[in-house]
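Q: Just dropping this structure here.
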Amino acid sequence: MKLNRIQIMIFKKLSNEKGLDADDYIRQYSMEFICMQRDSLQDLSEEEGDNWIHRAYLLSM
């Protein structure tokens, strides 16, 4: 299953914080957050998105 609307909004916010386009953000940071190379938002599954968002949240604390 692909990302849901809320996950997409979160990824756009995370990418804006880094000054990157959402797809560039995914391409650059996917190995760090989910240990798999992904090249765009459309390549992420809902589960991968959840894992990424959870990890990004923990790192922000």
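Residues in the structure tokens are named by chain (A, B, ... in the order shown) and by number from 1 within that chain; ligands are numbered from 1 in the order shown.
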Env of Glu32 in chain A: 12 Å cut, atoms = only C-alpha atoms, seq-sep filter 3 positions within chain, self excluded. Answer as a list in words.
A: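 My reading of the contact set: Tyr25, Ile26, Arg27, Gln28, Tyr29, Cys35, Met36, Gln37, Arg38, Asn51, Trp52, Arg55, Ala56 and Leu59 of chain A.
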Q: Tell me, as a ChimeraX atom specification, which residues lie within 10 Å of Ile53 in chain A, counting only C-alpha atoms; anything in the same chain fewer than 2 positions away does not count.
A: /A:7,10-11,14,33-34,47-51,55-59
Q: Once you have the residues from the selection above, write them out as a tab-separated table (two decimals), in the first residue's frame, restricted to all heavy atoms.
A:
chain	number	residue	atom	x	y	z
A	7	GLN	N	0.84	10.95	5.79
A	7	GLN	CA	2.26	10.65	5.66
A	7	GLN	C	2.90	11.55	4.61
A	7	GLN	O	4.00	12.06	4.82
A	7	GLN	CB	2.46	9.18	5.26
A	7	GLN	CG	2.16	8.20	6.37
A	7	GLN	CD	2.20	6.78	5.86
A	7	GLN	OE1	1.65	6.46	4.82
A	7	GLN	NE2	2.86	5.92	6.63
A	10	ILE	N	3.56	14.89	6.06
A	10	ILE	CA	4.70	14.85	6.98
A	10	ILE	C	6.01	14.84	6.20
A	10	ILE	O	6.96	15.55	6.53
A	10	ILE	CB	4.59	13.65	7.94
A	10	ILE	CG1	3.42	13.85	8.90
A	10	ILE	CG2	5.90	13.44	8.70
A	10	ILE	CD1	3.05	12.62	9.72
A	11	PHE	N	6.08	14.03	5.14
A	11	PHE	CA	7.30	13.99	4.33
A	11	PHE	C	7.59	15.33	3.66
A	11	PHE	O	8.75	15.74	3.56
A	11	PHE	CB	7.25	12.86	3.30
A	11	PHE	CG	7.67	11.54	3.87
A	11	PHE	CD1	6.74	10.56	4.16
A	11	PHE	CD2	9.00	11.28	4.14
A	11	PHE	CE1	7.12	9.35	4.70
A	11	PHE	CE2	9.41	10.07	4.68
A	11	PHE	CZ	8.46	9.10	4.96
A	14	LEU	N	9.08	17.45	6.43
A	14	LEU	CA	10.46	17.04	6.71
A	14	LEU	C	11.41	17.49	5.61
A	14	LEU	O	12.52	17.96	5.89
A	14	LEU	CB	10.54	15.51	6.87
A	14	LEU	CG	9.88	14.91	8.11
A	14	LEU	CD1	9.83	13.38	7.99
A	14	LEU	CD2	10.62	15.33	9.37
A	33	PHE	N	17.23	6.16	7.10
A	33	PHE	CA	16.02	5.97	7.89
A	33	PHE	C	15.37	4.61	7.76
A	33	PHE	O	14.77	4.13	8.71
A	33	PHE	CB	15.00	7.06	7.56
A	33	PHE	CG	15.32	8.38	8.19
A	33	PHE	CD1	15.98	9.36	7.47
A	33	PHE	CD2	15.00	8.64	9.51
A	33	PHE	CE1	16.30	10.58	8.07
A	33	PHE	CE2	15.31	9.84	10.11
A	33	PHE	CZ	15.97	10.82	9.38
A	34	ILE	N	15.45	3.97	6.58
A	34	ILE	CA	14.78	2.67	6.42
A	34	ILE	C	15.72	1.59	5.89
A	34	ILE	O	15.28	0.47	5.62
A	34	ILE	CB	13.53	2.77	5.53
A	34	ILE	CG1	13.87	3.28	4.14
A	34	ILE	CG2	12.45	3.61	6.21
A	34	ILE	CD1	12.72	3.19	3.14
A	47	GLU	N	4.08	1.17	5.33
A	47	GLU	CA	4.86	0.67	6.46
A	47	GLU	C	6.24	1.34	6.52
A	47	GLU	O	6.70	1.74	7.59
A	47	GLU	CB	5.02	-0.84	6.38
A	47	GLU	CG	5.78	-1.43	7.56
A	47	GLU	CD	5.92	-2.94	7.47
A	47	GLU	OE1	5.31	-3.58	6.59
A	47	GLU	OE2	6.66	-3.47	8.30
A	48	GLU	N	6.89	1.48	5.37
A	48	GLU	CA	8.19	2.16	5.34
A	48	GLU	C	8.03	3.61	5.77
A	48	GLU	O	8.87	4.13	6.51
A	48	GLU	CB	8.78	2.10	3.93
A	48	GLU	CG	9.22	0.71	3.52
A	48	GLU	CD	9.54	0.59	2.05
A	48	GLU	OE1	9.14	1.47	1.25
A	48	GLU	OE2	10.21	-0.40	1.69
A	49	GLY	N	6.96	4.24	5.33
A	49	GLY	CA	6.69	5.62	5.75
A	49	GLY	C	6.51	5.73	7.25
A	49	GLY	O	7.04	6.64	7.88
A	50	ASP	N	5.76	4.80	7.83
A	50	ASP	CA	5.56	4.80	9.28
A	50	ASP	C	6.88	4.64	10.02
A	50	ASP	O	7.15	5.34	10.99
A	50	ASP	CB	4.61	3.67	9.70
A	50	ASP	CG	3.16	3.98	9.43
A	50	ASP	OD1	2.81	5.16	9.22
A	50	ASP	OD2	2.36	3.02	9.42
A	51	ASN	N	7.70	3.69	9.55
A	51	ASN	CA	9.00	3.47	10.19
A	51	ASN	C	9.89	4.71	10.10
A	51	ASN	O	10.55	5.09	11.06
A	51	ASN	CB	9.71	2.27	9.57
A	51	ASN	CG	9.03	0.97	9.88
A	51	ASN	OD1	8.30	0.84	10.87
A	51	ASN	ND2	9.24	-0.03	9.05
A	55	ARG	N	11.15	7.02	13.25
A	55	ARG	CA	12.58	7.23	13.51
A	55	ARG	C	12.94	8.71	13.49
A	55	ARG	O	13.70	9.19	14.32
A	55	ARG	CB	13.39	6.47	12.49
A	55	ARG	CG	14.86	6.57	12.77
A	55	ARG	CD	15.60	5.36	12.34
A	55	ARG	NE	16.97	5.51	12.79
A	55	ARG	CZ	18.01	5.15	12.09
A	55	ARG	NH1	17.85	4.58	10.91
A	55	ARG	NH2	19.22	5.33	12.55
A	56	ALA	N	12.37	9.45	12.54
A	56	ALA	CA	12.64	10.89	12.46
A	56	ALA	C	12.14	11.58	13.73
A	56	ALA	O	12.79	12.49	14.26
A	56	ALA	CB	11.96	11.49	11.23
A	57	TYR	N	11.00	11.15	14.23
A	57	TYR	CA	10.46	11.71	15.47
A	57	TYR	C	11.40	11.43	16.64
A	57	TYR	O	11.71	12.33	17.43
A	57	TYR	CB	9.07	11.15	15.75
A	57	TYR	CG	8.53	11.54	17.10
A	57	TYR	CD1	8.08	12.83	17.33
A	57	TYR	CD2	8.48	10.63	18.15
A	57	TYR	CE1	7.60	13.21	18.58
A	57	TYR	CE2	8.01	11.00	19.40
A	57	TYR	CZ	7.57	12.28	19.61
A	57	TYR	OH	7.10	12.64	20.84
A	58	LEU	N	11.86	10.20	16.76
A	58	LEU	CA	12.76	9.86	17.86
A	58	LEU	C	14.06	10.65	17.79
A	58	LEU	O	14.57	11.10	18.82
A	58	LEU	CB	13.06	8.36	17.86
A	58	LEU	CG	11.90	7.45	18.23
A	58	LEU	CD1	12.31	5.98	18.09
A	58	LEU	CD2	11.40	7.72	19.64
A	59	LEU	N	14.58	10.84	16.61
A	59	LEU	CA	15.83	11.60	16.45
A	59	LEU	C	15.65	13.08	16.75
A	59	LEU	O	16.60	13.76	17.11
A	59	LEU	CB	16.39	11.41	15.04
A	59	LEU	CG	16.94	10.02	14.72
A	59	LEU	CD1	17.30	9.92	13.25
A	59	LEU	CD2	18.14	9.70	15.60
Q: With only C-alpha atoms as the atoms that count, which of A:Ser15, A:Asp39, A:Leu44, A:Ser30 lies nearest to Leu3 in chain A?
A: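 Result for the nearest residue to Leu3 in chain A: A:Leu44.
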Q: Output as a PyMOL selection string all residues of chain A that backbone DSSP marks as alpha helix (DSSP H).
A: chain A and resi 5-17+22-34+46-60
Q: For Ser40 in chain A, which of A:Arg5, A:Lys18, A:His54, A:Lys12 is the closest residue, counting only C-alpha atoms?
A: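 Selected residue with least distance to Ser40 in chain A: A:Lys12.
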Q: Which residues are close to Asn4 in chain A, i.e. within 10 Å by only C-alpha atoms, leaving aside same-chain residues fewer than 2 positions away? Reply as a VMD selection string.
A: chain A and resid 1 to 2 6 to 9 45 to 46 49
